[in-house]
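Chemist: Okay, here's the structure, questions in a sec.
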Amino acid sequence: MIFRTSLVRELVITSLAIFFVLVGIIVTTQLVRLLGQAAGGTIDLGGVALLLALALLAYLPLVLSLTLFVAVLMTLTRSYRDSEMVVWFACGMSLTEWIRPVLMLTVPIVVLIALSTLVVRPWAVANAEELRRRLENRDDVSMVTPGVFRESNRGDRVFFVEKVSGKENVVGNVFVSSIQHNRQGVMVAAQGFTETAPNGDRFLVLRDGRRYEGEPGTAAYKIYEFERYAMRIEVSEAQRAPTEKSVPTLELVRDPTRRNLGELSFRLGVPIGALILALLAIPLSFVNPRAGRSMNLLLALLVYMSYSNMLSIAEASIGQSRVSFATGVFGVHAVMFLLLLLLFYRRLMLFSLFRLTR
């Protein structure tokens, strides 16, 4: 049918446009945050691309869900605004006949959302956490960034490197402030590099420098000059416990703790919510061509934000044992489904009254 073909085609084009816009926004915001962390020495610049890709995979279910809702809303709103809906209604079509073409686009994407939420997102979060854990366990020297003061993981040293020469692992104009035996020491050296001992220990070797050692606030300082000074590089053993977001879905089912059940409710709720939101966009898209179209957009935004907040509240409530798992999972969706039926009934009644008065 011409109606379904044209509607599905427009929905696909609009969905692709919205998807790429949302992906661009996420990539931009995440890239700025990751580059800031790389500039501060928290992560390596080489790990930015991988972390960015993992973050994009983690956000994919929410992006697809929002894409569906906005695409259906914008497509049908345009049809109302351009009076296309009046033509279709005049031909005897009902509002419920918009459900089937919308579902033709929605169902495959909802399946993709479910796959992303249940499988891809936990995998992406787990890999991102593992990568960050490895980055946090780097030694102090590997985190030094030229032109930036950097504190060691143990908090007993501060490093500063002015420049990096063309040679590998060689830096120039090194500054190190450290505390040893309750005495403050400051070292400056013209050159520094790393060296590995036969037993595997790594050292920071400074050449042609001085060490100033004493107690701050007093004149009791000693000055040492050296040609070579080696400092052992301490390796951090910081451990970060994995979160529920990184646990595979099957593990959440096998270990039904309250936090795991809360995370499981979120993973099940995202695809169900995407389907209900896509159908909600049909009655919410109504707009009077002779009036402004701001009210329906504001109402749609309110519905989406309320739905998202209710899902988050249900997840937290299940995690805190305030409500049961079944109530938290199906209660929110039941409320929104009743709202969906109410909005459809209201629109159908208004169209029926409009036809009777003609």
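Here, A, B, ... name the chains of the structure tokens in the order displayed, residue numbers run from 1 inside each chain, and ligands are numbered from 1 in the same displayed order.
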Neighbours of A:Val332 within 9 Å (only C-alpha atoms; same-chain residues fewer than 5 positions away dropped), as a list in words?

Modeler: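 Non-adjacent residues within range: Gly269, Tyr307, Met310, Leu311, Ala314, Thr327 and Phe337 of chain A.
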
Chemist: Could you write out that same residue set with C-alpha atoms as a short mmCIF file (atom, residue, chain, number, x, y, z; two decimals), in the first residue's frame?

Modeler:
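Done, and the output landed in again_21.cif:
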data_model
loop_
_atom_site.label_atom_id
_atom_site.label_comp_id
_atom_site.auth_asym_id
_atom_site.auth_seq_id
_atom_site.Cartn_x
_atom_site.Cartn_y
_atom_site.Cartn_z
CA GLY A 269 13.23 -2.50 30.74
CA TYR A 307 9.48 7.19 31.73
CA MET A 310 10.64 5.87 36.55
CA LEU A 311 12.87 3.13 35.15
CA ALA A 314 12.50 1.14 39.78
CA THR A 327 6.71 -5.08 40.55
CA PHE A 337 0.91 0.98 28.63
#

Chemist: Would you kindly return, as a list in words, each protein, DNA or RNA residue with an atom no farther than 7 Å from any atom of A:Leu204, considering only C-alpha atoms and excluding same-chain residues fewer than 4 positions away?

Modeler: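 Surrounding residues, per the criterion: Gly192, Phe193, Thr194, Glu195, Ala230, Met231, Arg232 and Ile233 of chain A.
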
Chemist: Can you check which residues of stretch 187-262 of chain A DSSP gives as helix (DSSP H, G or I) on the backbone and send them as a VMD selection string?

Modeler: chain A and resid 244 to 246 249 to 254 258 to 262

Chemist: Counting only C-alpha atoms, what is within 10 Å of A:Leu52, bar same-chain residues fewer than 4 positions away, as a list in words?

Modeler: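 My reading of the contact set: Ile26, Val27, Thr28, Thr29, Gln30, Leu31, Arg33, Leu34, Gly47, Val48, Leu56, Leu57, Ala58 and Ala128 of chain A.
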
Chemist: Residues as selected, N, CA and C atoms, written as a PDB file, in the first residue's frame, can you do that?

Modeler:
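The resulting selection30.pdb:
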ATOM      1  N   ILE A  26      27.331  12.142  21.186  1.00  0.00           N
ATOM      2  CA  ILE A  26      28.004  11.290  22.171  1.00  0.00           C
ATOM      3  C   ILE A  26      29.498  11.221  21.898  1.00  0.00           C
ATOM      4  N   VAL A  27      29.873  11.057  20.630  1.00  0.00           N
ATOM      5  CA  VAL A  27      31.294  10.988  20.289  1.00  0.00           C
ATOM      6  C   VAL A  27      32.002  12.281  20.676  1.00  0.00           C
ATOM      7  N   THR A  28      31.368  13.412  20.417  1.00  0.00           N
ATOM      8  CA  THR A  28      31.998  14.696  20.744  1.00  0.00           C
ATOM      9  C   THR A  28      32.188  14.860  22.245  1.00  0.00           C
ATOM     10  N   THR A  29      31.132  14.603  23.020  1.00  0.00           N
ATOM     11  CA  THR A  29      31.228  14.780  24.473  1.00  0.00           C
ATOM     12  C   THR A  29      32.215  13.802  25.102  1.00  0.00           C
ATOM     13  N   GLN A  30      32.176  12.546  24.667  1.00  0.00           N
ATOM     14  CA  GLN A  30      33.101  11.557  25.219  1.00  0.00           C
ATOM     15  C   GLN A  30      34.535  11.831  24.798  1.00  0.00           C
ATOM     16  N   LEU A  31      34.722  12.296  23.569  1.00  0.00           N
ATOM     17  CA  LEU A  31      36.078  12.584  23.103  1.00  0.00           C
ATOM     18  C   LEU A  31      36.695  13.736  23.876  1.00  0.00           C
ATOM     19  N   ARG A  33      35.970  14.576  26.954  1.00  0.00           N
ATOM     20  CA  ARG A  33      36.271  14.087  28.306  1.00  0.00           C
ATOM     21  C   ARG A  33      37.520  13.211  28.306  1.00  0.00           C
ATOM     22  N   LEU A  34      37.632  12.320  27.334  1.00  0.00           N
ATOM     23  CA  LEU A  34      38.790  11.415  27.282  1.00  0.00           C
ATOM     24  C   LEU A  34      40.080  12.154  26.959  1.00  0.00           C
ATOM     25  N   GLY A  47      44.966   4.996  24.150  1.00  0.00           N
ATOM     26  CA  GLY A  47      43.761   4.293  24.596  1.00  0.00           C
ATOM     27  C   GLY A  47      42.488   5.076  24.417  1.00  0.00           C
ATOM     28  N   VAL A  48      42.580   6.313  23.917  1.00  0.00           N
ATOM     29  CA  VAL A  48      41.393   7.151  23.765  1.00  0.00           C
ATOM     30  C   VAL A  48      40.432   6.552  22.750  1.00  0.00           C
ATOM     31  N   LEU A  56      30.745   4.205  23.154  1.00  0.00           N
ATOM     32  CA  LEU A  56      29.688   4.273  22.152  1.00  0.00           C
ATOM     33  C   LEU A  56      28.845   2.996  22.159  1.00  0.00           C
ATOM     34  N   LEU A  57      29.480   1.840  22.308  1.00  0.00           N
ATOM     35  CA  LEU A  57      28.737   0.588  22.397  1.00  0.00           C
ATOM     36  C   LEU A  57      27.882   0.535  23.662  1.00  0.00           C
ATOM     37  N   ALA A  58      28.384   1.091  24.754  1.00  0.00           N
ATOM     38  CA  ALA A  58      27.615   1.098  26.002  1.00  0.00           C
ATOM     39  C   ALA A  58      26.387   1.993  25.898  1.00  0.00           C
ATOM     40  N   ALA A 128      35.908  -1.804  29.168  1.00  0.00           N
ATOM     41  CA  ALA A 128      36.317  -0.453  29.528  1.00  0.00           C
ATOM     42  C   ALA A 128      36.856  -0.408  30.953  1.00  0.00           C
TER      43      ALA A 128
END

Chemist: Quick one: residues within 9 Å of A:Thr77, only C-alpha atoms, excluding same-chain residues fewer than 3 positions away - as a count of residues only?

Modeler: 13

Chemist: Residues within 9 Å of A:Asn173, please, as a PyMOL selection string. Count only C-alpha atoms; anything in the same chain fewer than 5 positions from it doesn't count.

Modeler: chain A and resi 160-163+188-192

Chemist: Keeping only C-alpha atoms, write the selected residues as a PDB file, in the first residue's frame.

Modeler:
ATOM      1  CA  PHE A 160      57.648  17.305  36.128  1.00  0.00           C
ATOM      2  CA  VAL A 161      59.227  16.925  32.697  1.00  0.00           C
ATOM      3  CA  GLU A 162      59.714  19.944  30.496  1.00  0.00           C
ATOM      4  CA  LYS A 163      60.313  18.195  27.197  1.00  0.00           C
ATOM      5  CA  VAL A 188      66.539  18.692  39.207  1.00  0.00           C
ATOM      6  CA  ALA A 189      68.400  17.031  36.375  1.00  0.00           C
ATOM      7  CA  ALA A 190      69.263  17.853  32.803  1.00  0.00           C
ATOM      8  CA  GLN A 191      68.283  14.424  31.538  1.00  0.00           C
ATOM      9  CA  GLY A 192      66.376  11.343  32.606  1.00  0.00           C
TER      10      GLY A 192
END

Chemist: Excluding A:Thr106 and any residue of its chain fewer than 4 positions from it, enumerate the residues within 9 Å of it, using only C-alpha atoms, and give them as a PyMOL selection string.

Modeler: chain A and resi 68+101-102+110-111+274-275+278-279

Chemist: Based on the selection just made, write C-alpha atoms of those residues as a short mmCIF file (atom, residue, chain, number, x, y, z; two decimals), in the first residue's frame.

Modeler:
data_model
loop_
_atom_site.label_atom_id
_atom_site.label_comp_id
_atom_site.auth_asym_id
_atom_site.auth_seq_id
_atom_site.Cartn_x
_atom_site.Cartn_y
_atom_site.Cartn_z
CA LEU A 68 12.91 5.39 17.60
CA PRO A 101 3.96 0.51 9.69
CA VAL A 102 5.50 1.88 12.88
CA VAL A 110 13.83 -3.34 19.50
CA VAL A 111 15.42 -6.76 18.89
CA ALA A 274 11.62 1.43 23.47
CA LEU A 275 8.62 -0.42 22.06
CA ALA A 278 7.54 4.22 19.78
CA LEU A 279 3.81 3.50 20.07
#

Chemist: Can you measure atom CA of A:Phe159 to atom CA of A:Val176 for me? One decimal in Å is fine.

Modeler: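 These two atoms are separated by 4.7 Å.
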
Chemist: Go through A:Phe19, A:Val70, A:Asp201, A:Arg133 and flag the residue nearest A:Leu297, using only C-alpha atoms for the distances.

Modeler: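 Closest to A:Leu297, using only C-alpha atoms: A:Val70.
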
Chemist: Quick check, in Å to one decimal: how far apart do atom CA of A:Ile313 and atom CA of A:Thr243 lie?

Modeler: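 Calculated distance between atom CA of A:Ile313 and atom CA of A:Thr243 is 18.3 Å.
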
Chemist: For A:Trp98, which residue among A:Leu76, A:Val170, A:Ala219, A:Leu301 is the nearest when counting only C-alpha atoms?

Modeler: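 Of all the options, A:Leu76 lies closest to A:Trp98.
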
Chemist: Can you pull out every residue within 12 Å of A:Ala17, counting only C-alpha atoms, but drop anything in the same chain fewer than 4 positions away, and send it as a ChimeraX atom specification?

Modeler: /A:10-13,21-24,64,67-68,70-71,74-75

Chemist: Using N, CA and C atoms, can you write the selected residues to a file as a PDB file, in the first residue's frame?

Modeler:
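As a result, selection_35.pdb now contains:
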ATOM      1  N   GLU A  10       9.906   7.122   5.023  1.00  0.00           N
ATOM      2  CA  GLU A  10      10.213   8.365   5.746  1.00  0.00           C
ATOM      3  C   GLU A  10      10.710   8.074   7.156  1.00  0.00           C
ATOM      4  N   LEU A  11      10.148   7.052   7.800  1.00  0.00           N
ATOM      5  CA  LEU A  11      10.605   6.689   9.146  1.00  0.00           C
ATOM      6  C   LEU A  11      12.060   6.221   9.122  1.00  0.00           C
ATOM      7  N   VAL A  12      12.427   5.452   8.119  1.00  0.00           N
ATOM      8  CA  VAL A  12      13.808   4.948   8.022  1.00  0.00           C
ATOM      9  C   VAL A  12      14.770   6.103   7.805  1.00  0.00           C
ATOM     10  N   ILE A  13      14.434   7.007   6.882  1.00  0.00           N
ATOM     11  CA  ILE A  13      15.327   8.136   6.604  1.00  0.00           C
ATOM     12  C   ILE A  13      15.478   9.026   7.833  1.00  0.00           C
ATOM     13  N   VAL A  21      23.029  11.936  14.277  1.00  0.00           N
ATOM     14  CA  VAL A  21      23.148  13.155  15.082  1.00  0.00           C
ATOM     15  C   VAL A  21      23.445  12.809  16.534  1.00  0.00           C
ATOM     16  N   LEU A  22      22.706  11.836  17.089  1.00  0.00           N
ATOM     17  CA  LEU A  22      22.923  11.442  18.478  1.00  0.00           C
ATOM     18  C   LEU A  22      24.310  10.817  18.664  1.00  0.00           C
ATOM     19  N   VAL A  23      24.730  10.008  17.703  1.00  0.00           N
ATOM     20  CA  VAL A  23      26.071   9.419  17.790  1.00  0.00           C
ATOM     21  C   VAL A  23      27.142  10.507  17.746  1.00  0.00           C
ATOM     22  N   GLY A  24      26.927  11.503  16.886  1.00  0.00           N
ATOM     23  CA  GLY A  24      27.882  12.611  16.829  1.00  0.00           C
ATOM     24  C   GLY A  24      27.975  13.366  18.141  1.00  0.00           C
ATOM     25  N   LEU A  64      19.516   4.082  20.433  1.00  0.00           N
ATOM     26  CA  LEU A  64      18.514   3.487  19.546  1.00  0.00           C
ATOM     27  C   LEU A  64      17.106   3.720  20.074  1.00  0.00           C
ATOM     28  N   THR A  67      16.242   7.264  19.393  1.00  0.00           N
ATOM     29  CA  THR A  67      16.090   7.436  17.945  1.00  0.00           C
ATOM     30  C   THR A  67      14.699   7.010  17.485  1.00  0.00           C
ATOM     31  N   LEU A  68      14.234   5.863  17.963  1.00  0.00           N
ATOM     32  CA  LEU A  68      12.905   5.387  17.599  1.00  0.00           C
ATOM     33  C   LEU A  68      11.826   6.385  17.998  1.00  0.00           C
ATOM     34  N   VAL A  70      11.964   9.643  18.782  1.00  0.00           N
ATOM     35  CA  VAL A  70      12.015  10.936  18.102  1.00  0.00           C
ATOM     36  C   VAL A  70      11.653  10.791  16.627  1.00  0.00           C
ATOM     37  N   ALA A  71      12.080   9.698  15.979  1.00  0.00           N
ATOM     38  CA  ALA A  71      11.789   9.515  14.555  1.00  0.00           C
ATOM     39  C   ALA A  71      10.295   9.395  14.305  1.00  0.00           C
ATOM     40  N   MET A  74       8.654  12.892  15.091  1.00  0.00           N
ATOM     41  CA  MET A  74       8.904  13.924  14.091  1.00  0.00           C
ATOM     42  C   MET A  74       8.203  13.620  12.765  1.00  0.00           C
ATOM     43  N   THR A  75       8.189  12.348  12.363  1.00  0.00           N
ATOM     44  CA  THR A  75       7.556  11.981  11.094  1.00  0.00           C
ATOM     45  C   THR A  75       6.061  12.244  11.117  1.00  0.00           C
TER      46      THR A  75
END

Chemist: Just checking: using only C-alpha atoms, which residue out of A:Arg258, A:Arg132, A:Lys222, A:Arg228 ends up closest to A:Ile318?

Modeler: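 Comparing A:Arg258, A:Arg132, A:Lys222, A:Arg228 against A:Ile318, the winner is A:Arg258.
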